[in-house]
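Reading through the structure tokens given below for one structure.
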Amino acid sequence: MKIFIKDPLILDYKDQEKQFHPYRANIVIEDDQIADITNDLPADLSVFDEIIHASHCVALPGLINAHNHSPMSLLRSFSDDLRLMEWLNRKMLPAEANMNQEDIYWGALLGIAEMIKSGTTAYADMYIHMDQIAQAVHDSGIRASLTRGLVFLDDDGGQRLREGIDLVKSWSGKADGRITTMMGPHAPYTCPPDQLKEVMEIAKELQVPIHIHLAETQEEAEKINHKYGKSPTEYLYDLGLFDGDYHVLLAHAVHLDDHDIALLQNMKGGLAHNPFSNMKLGCGIAPVYSFLEKGILVGLGTDGAGSATSLDLFKEMKMASGLQKLDRFDPAIIDAHTILQMATINGSTLLQMDHQVGRIEVGKKADLILVNIHQPHLVPHHDLVSLLVYSAFGQDVVTTIVNGKILMKNRELLTIDEERLLYEAHQRAKRIVEGI
Ligand SMILES: CSC[C@H]1O[C@@H](n2cnc3c(O)ncnc32)[C@H](O)[C@@H]1O
Ligand SMILES: [Zn+2]
């Protein structure tokens, strides 16, 4: 497949300046890669399978959602305005117990469809029935890092662990290399030390990263402190998770003091900040500015739509920015470039995909999006990065390309039958929550 994207404004990230710079050029995609970025028009445009006229668009690297539970899209609007533990134990877990394998497939596809339609080209997923999610990733064309969530509070922990290992062994590198995997101990409060240590050893052996929730609520911090006499971060640190042997993806990281933050300084990997989920569950404000100040990598996630309500990373960029400014009473504490970097480049490093995606450069995989900026709410164009971070939403994305394949064109999904998907989602979601 050869694609010619004509005349977009391309956002290029300059590492020394830590800034994005726009320039106008054509993008040539061949197979799965960006083959050329040029101001020349090819002599013969008929060699292209697709020509996209994009002079009214910004081309930017596809956004990367660093933390999600995709089938929870079926639980959107089912249970709101509760504290995390009540929401999880009384509502989410019973609903998940009612989900069969087909529900998981359609729930994941629902989440993936929303992500593609709002400009996300790669994401991290932690859930159950992972074969079904992997199949949805395979079928839809999105890129993903998949994790079987591991909870060790009952006799089924061993079975879950085997499923986690099977996922890594059977799906890593599949779907033309779009699928990678991690091991996923769910959280400090669901994983006692011996089991967590075992998961870490397996991750080392299988050479995959670890994806885990950390310090999401004050309640979690108190629980871990009561049980082990330490903070959730110290708990993981003492087990050796941050000693540099493991690439770790920490979701949330809200309740960390300066001592906890210092413990993360030598870690490999970093954090997925999920601002709207944290706001909606009343968890608190993650000290994102302090992490960045200490050189700790921060990407952006949504969390599942059961808490985040939507999977639109443009929304999350606004929330991430607003939370830090509010927390410090300082509008200059974090700028739009840093926020966009979190949603693109940082996400690619967190998911260990930075050798492939995260920037629009010749030789990278063609994972990019086109945002239509010729609309009343996106005019004028004094500063394109400000415009994208503060004024644009997912609905402004017109084209989404992953691995050189067009997944959405003029807002129409090309790999997913949207009407069938909406029908399946309605029917299944209704049945799943009946009686809860
Ligand atoms: C065992 S698979 C993953 C597990 O995580 C649950 N979950 C969803 N959102 C959150 C959150 O914000 N904190 C902790 N756990 C969460 C989900 O319901 C699955 O059971
Ligand atoms: Zn989560």
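Just remember, in the structure tokens the first chain shown is A, the second B, etc., residues are 1-based per chain, and ligands are 1-based in the order shown.
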- prompt: Using only C-alpha atoms and all ligand atoms, which protein or nucleic acid residues are at most 7 Å from ligand 2, as a VMD selection string?
  reply: chain A and resid 67 to 69 213 251 303 to 304
Next, dump the selected residues to file, keeping only N, CA and C atoms, as a JSON list (two decimals), in the first residue's frame.
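Dumped everything to result.json:
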[["chain", "number", "residue", "atom", "x", "y", "z"],
["A", 67, "HIS", "N", -2.56, 3.67, 29.55],
["A", 67, "HIS", "CA", -3.24, 2.82, 30.54],
["A", 67, "HIS", "C", -4.74, 2.77, 30.25],
["A", 68, "ASN", "N", -5.23, 1.56, 30.02],
["A", 68, "ASN", "CA", -6.65, 1.39, 29.70],
["A", 68, "ASN", "C", -7.09, -0.01, 30.11],
["A", 69, "HIS", "N", -8.40, -0.18, 30.27],
["A", 69, "HIS", "CA", -9.01, -1.50, 30.43],
["A", 69, "HIS", "C", -10.13, -1.51, 29.38],
["A", 213, "HIS", "N", -0.83, -0.99, 38.81],
["A", 213, "HIS", "CA", -1.40, 0.22, 39.41],
["A", 213, "HIS", "C", -0.59, 0.56, 40.66],
["A", 251, "ALA", "N", 0.70, 2.73, 36.75],
["A", 251, "ALA", "CA", -0.51, 3.51, 36.47],
["A", 251, "ALA", "C", -0.91, 4.31, 37.71],
["A", 303, "ASP", "N", -7.29, 5.25, 31.65],
["A", 303, "ASP", "CA", -7.94, 4.26, 32.50],
["A", 303, "ASP", "C", -9.16, 3.77, 31.71],
["A", 304, "GLY", "N", -9.91, 2.82, 32.24],
["A", 304, "GLY", "CA", -11.07, 2.31, 31.50],
["A", 304, "GLY", "C", -12.18, 3.36, 31.43]]
Each residue of chain A lying at most 9 Å from ligand 1 should get a row with its shortest atom-to-atom pair and the distance in Å to one decimal, counting only C-alpha atoms and all ligand atoms; could you produce that, ordered by chain and increasing number, as a Markdown table?
| residue | atom | partner | partner_atom_place_in_ligand_line | distance |
| --- | --- | --- | --- | --- |
| A:Asn68 | CA | ligand 1 | 9 (N) | 8.0 |
| A:His69 | CA | ligand 1 | 8 (C) | 6.3 |
| A:Met72 | CA | ligand 1 | 18 (O) | 7.3 |
| A:Leu84 | CA | ligand 1 | 12 (O) | 6.8 |
| A:Met85 | CA | ligand 1 | 14 (C) | 8.1 |
| A:Leu88 | CA | ligand 1 | 18 (O) | 6.1 |
| A:Asn89 | CA | ligand 1 | 18 (O) | 8.6 |
| A:Lys91 | CA | ligand 1 | 18 (O) | 9.0 |
| A:Met92 | CA | ligand 1 | 18 (O) | 5.4 |
| A:Leu93 | CA | ligand 1 | 20 (O) | 5.8 |
| A:Ala95 | CA | ligand 1 | 18 (O) | 8.9 |
| A:Glu96 | CA | ligand 1 | 20 (O) | 6.9 |
| A:Asp125 | CA | ligand 1 | 3 (C) | 8.8 |
| A:Met126 | CA | ligand 1 | 3 (C) | 5.4 |
| A:Tyr127 | CA | ligand 1 | 2 (S) | 3.6 |
| A:Ile128 | CA | ligand 1 | 2 (S) | 5.2 |
| A:Thr147 | CA | ligand 1 | 2 (S) | 8.4 |
| A:Arg148 | CA | ligand 1 | 2 (S) | 6.4 |
| A:Gly149 | CA | ligand 1 | 2 (S) | 3.8 |
| A:Leu150 | CA | ligand 1 | 1 (C) | 5.4 |
| A:Val151 | CA | ligand 1 | 1 (C) | 5.9 |
| A:Arg160 | CA | ligand 1 | 1 (C) | 8.8 |
| A:Gly184 | CA | ligand 1 | 2 (S) | 8.3 |
| A:Pro185 | CA | ligand 1 | 1 (C) | 8.3 |
| A:His186 | CA | ligand 1 | 1 (C) | 6.1 |
| A:Ala187 | CA | ligand 1 | 14 (C) | 7.2 |
| A:His213 | CA | ligand 1 | 14 (C) | 6.5 |
| A:Leu214 | CA | ligand 1 | 13 (N) | 8.7 |
| A:Glu216 | CA | ligand 1 | 13 (N) | 6.8 |
| A:Thr217 | CA | ligand 1 | 13 (N) | 8.8 |
| A:Ala251 | CA | ligand 1 | 13 (N) | 8.5 |
| A:His252 | CA | ligand 1 | 12 (O) | 8.0 |
| A:Asn274 | CA | ligand 1 | 12 (O) | 8.8 |
| A:Ser277 | CA | ligand 1 | 12 (O) | 6.9 |
| A:Asn278 | CA | ligand 1 | 12 (O) | 7.7 |
| A:Leu281 | CA | ligand 1 | 12 (O) | 8.0 |
| A:Asp303 | CA | ligand 1 | 9 (N) | 6.1 |
| A:Gly304 | CA | ligand 1 | 9 (N) | 5.7 |
| A:Ala305 | CA | ligand 1 | 9 (N) | 8.6 |
| A:Gly306 | CA | ligand 1 | 9 (N) | 7.2 |
| A:Ser307 | CA | ligand 1 | 9 (N) | 6.7 |
| A:Ala308 | CA | ligand 1 | 12 (O) | 8.8 |
Could you save those same residues with C-alpha atoms as a PDB file, in the first residue's frame?
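The resulting file, result-v9.pdb, is shown below:
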ATOM      1  CA  ASN A  68      -6.649   1.393  29.700  1.00  0.00           C
ATOM      2  CA  HIS A  69      -9.007  -1.499  30.430  1.00  0.00           C
ATOM      3  CA  MET A  72     -14.802  -1.519  30.445  1.00  0.00           C
ATOM      4  CA  LEU A  84     -12.803   3.731  43.926  1.00  0.00           C
ATOM      5  CA  MET A  85     -13.085   0.692  46.241  1.00  0.00           C
ATOM      6  CA  LEU A  88     -14.666  -1.527  41.985  1.00  0.00           C
ATOM      7  CA  ASN A  89     -15.976  -4.057  44.499  1.00  0.00           C
ATOM      8  CA  LYS A  91     -20.105  -2.539  40.664  1.00  0.00           C
ATOM      9  CA  MET A  92     -17.173  -3.316  38.343  1.00  0.00           C
ATOM     10  CA  LEU A  93     -16.126  -6.742  39.651  1.00  0.00           C
ATOM     11  CA  ALA A  95     -20.221  -6.813  36.129  1.00  0.00           C
ATOM     12  CA  GLU A  96     -16.910  -8.319  34.980  1.00  0.00           C
ATOM     13  CA  ASP A 125      -4.451  -2.709  28.074  1.00  0.00           C
ATOM     14  CA  MET A 126      -4.740  -4.657  31.331  1.00  0.00           C
ATOM     15  CA  TYR A 127      -7.724  -6.968  31.679  1.00  0.00           C
ATOM     16  CA  ILE A 128      -9.128 -10.514  31.668  1.00  0.00           C
ATOM     17  CA  THR A 147      -1.369  -7.477  29.951  1.00  0.00           C
ATOM     18  CA  ARG A 148      -3.387 -10.088  31.849  1.00  0.00           C
ATOM     19  CA  GLY A 149      -4.313  -8.358  35.138  1.00  0.00           C
ATOM     20  CA  LEU A 150      -3.150 -10.537  38.056  1.00  0.00           C
ATOM     21  CA  VAL A 151      -5.009 -10.519  41.366  1.00  0.00           C
ATOM     22  CA  ARG A 160      -4.469 -16.131  36.258  1.00  0.00           C
ATOM     23  CA  GLY A 184       0.468  -7.331  34.974  1.00  0.00           C
ATOM     24  CA  PRO A 185       0.357  -7.666  38.761  1.00  0.00           C
ATOM     25  CA  HIS A 186      -2.757  -5.559  39.366  1.00  0.00           C
ATOM     26  CA  ALA A 187      -1.726  -3.446  42.389  1.00  0.00           C
ATOM     27  CA  HIS A 213      -1.401   0.223  39.412  1.00  0.00           C
ATOM     28  CA  LEU A 214       0.292   2.254  42.152  1.00  0.00           C
ATOM     29  CA  GLU A 216      -4.161   5.516  43.325  1.00  0.00           C
ATOM     30  CA  THR A 217      -6.000   6.460  46.526  1.00  0.00           C
ATOM     31  CA  ALA A 251      -0.507   3.506  36.473  1.00  0.00           C
ATOM     32  CA  HIS A 252      -1.735   6.517  38.498  1.00  0.00           C
ATOM     33  CA  ASN A 274      -4.804   9.283  34.145  1.00  0.00           C
ATOM     34  CA  SER A 277     -10.203   9.054  36.097  1.00  0.00           C
ATOM     35  CA  ASN A 278      -8.352  10.435  39.139  1.00  0.00           C
ATOM     36  CA  LEU A 281     -13.030   8.923  41.404  1.00  0.00           C
ATOM     37  CA  ASP A 303      -7.943   4.264  32.497  1.00  0.00           C
ATOM     38  CA  GLY A 304     -11.070   2.307  31.502  1.00  0.00           C
ATOM     39  CA  ALA A 305     -14.150   4.154  30.268  1.00  0.00           C
ATOM     40  CA  GLY A 306     -15.935   2.845  33.385  1.00  0.00           C
ATOM     41  CA  SER A 307     -14.128   5.570  35.315  1.00  0.00           C
ATOM     42  CA  ALA A 308     -12.738   7.870  32.614  1.00  0.00           C
TER      43      ALA A 308
END
field: Nearest-residue call for Leu236 (chain A), choices A:Lys197, A:Lys204, A:Lys268, A:Lys325, using only C-alpha atoms
entry: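 Checking each candidate against Leu236 (chain A), we get A:Lys197 as the closest.
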task: Using only C-alpha atoms, find the one residue out of A:Leu256, A:Lys2, A:Tyr235, A:Arg83 that sits nearest to Leu45 (chain A).
output: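 Distance minimum relative to Leu45 (chain A) lands on A:Lys2.
With only C-alpha atoms as the basis for measurement, A:Thr399 is the residue among A:Thr399, A:Asn65, A:Ser140, A:Asn225 that approaches Pro8 (chain A) most closely.
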message: Report as a ChimeraX atom specification all protein, DNA and RNA residues lying within 8 Å of region 237-249 of chain A, evaluated on only C-alpha atoms, omitting residues in the same chain fewer than 2 positions from it.
response: /A:193,197,200,203-204,208-212,233-235,251,263-264,266-272,350-351
message: Give me the residues near Phe20 (chain A) as a list of chain:residue names, where near means some atom within 12 Å (using only C-alpha atoms) and where sequence neighbours in that chain fewer than 5 positions away do not count.
response: A:Leu9, A:Ile10, A:Leu11, A:Asp12, A:Tyr13, A:Lys14, A:Asp15, A:Ala59, A:Leu60, A:Pro61, A:Asp335, A:Ala336, A:His337, A:Thr338, A:Ile339, A:Leu340, A:Gln341, A:Thr344, A:Ile345, A:Arg359, A:Ile360, A:Asp383, A:Leu384, A:Val385, A:Ser386, A:Leu388
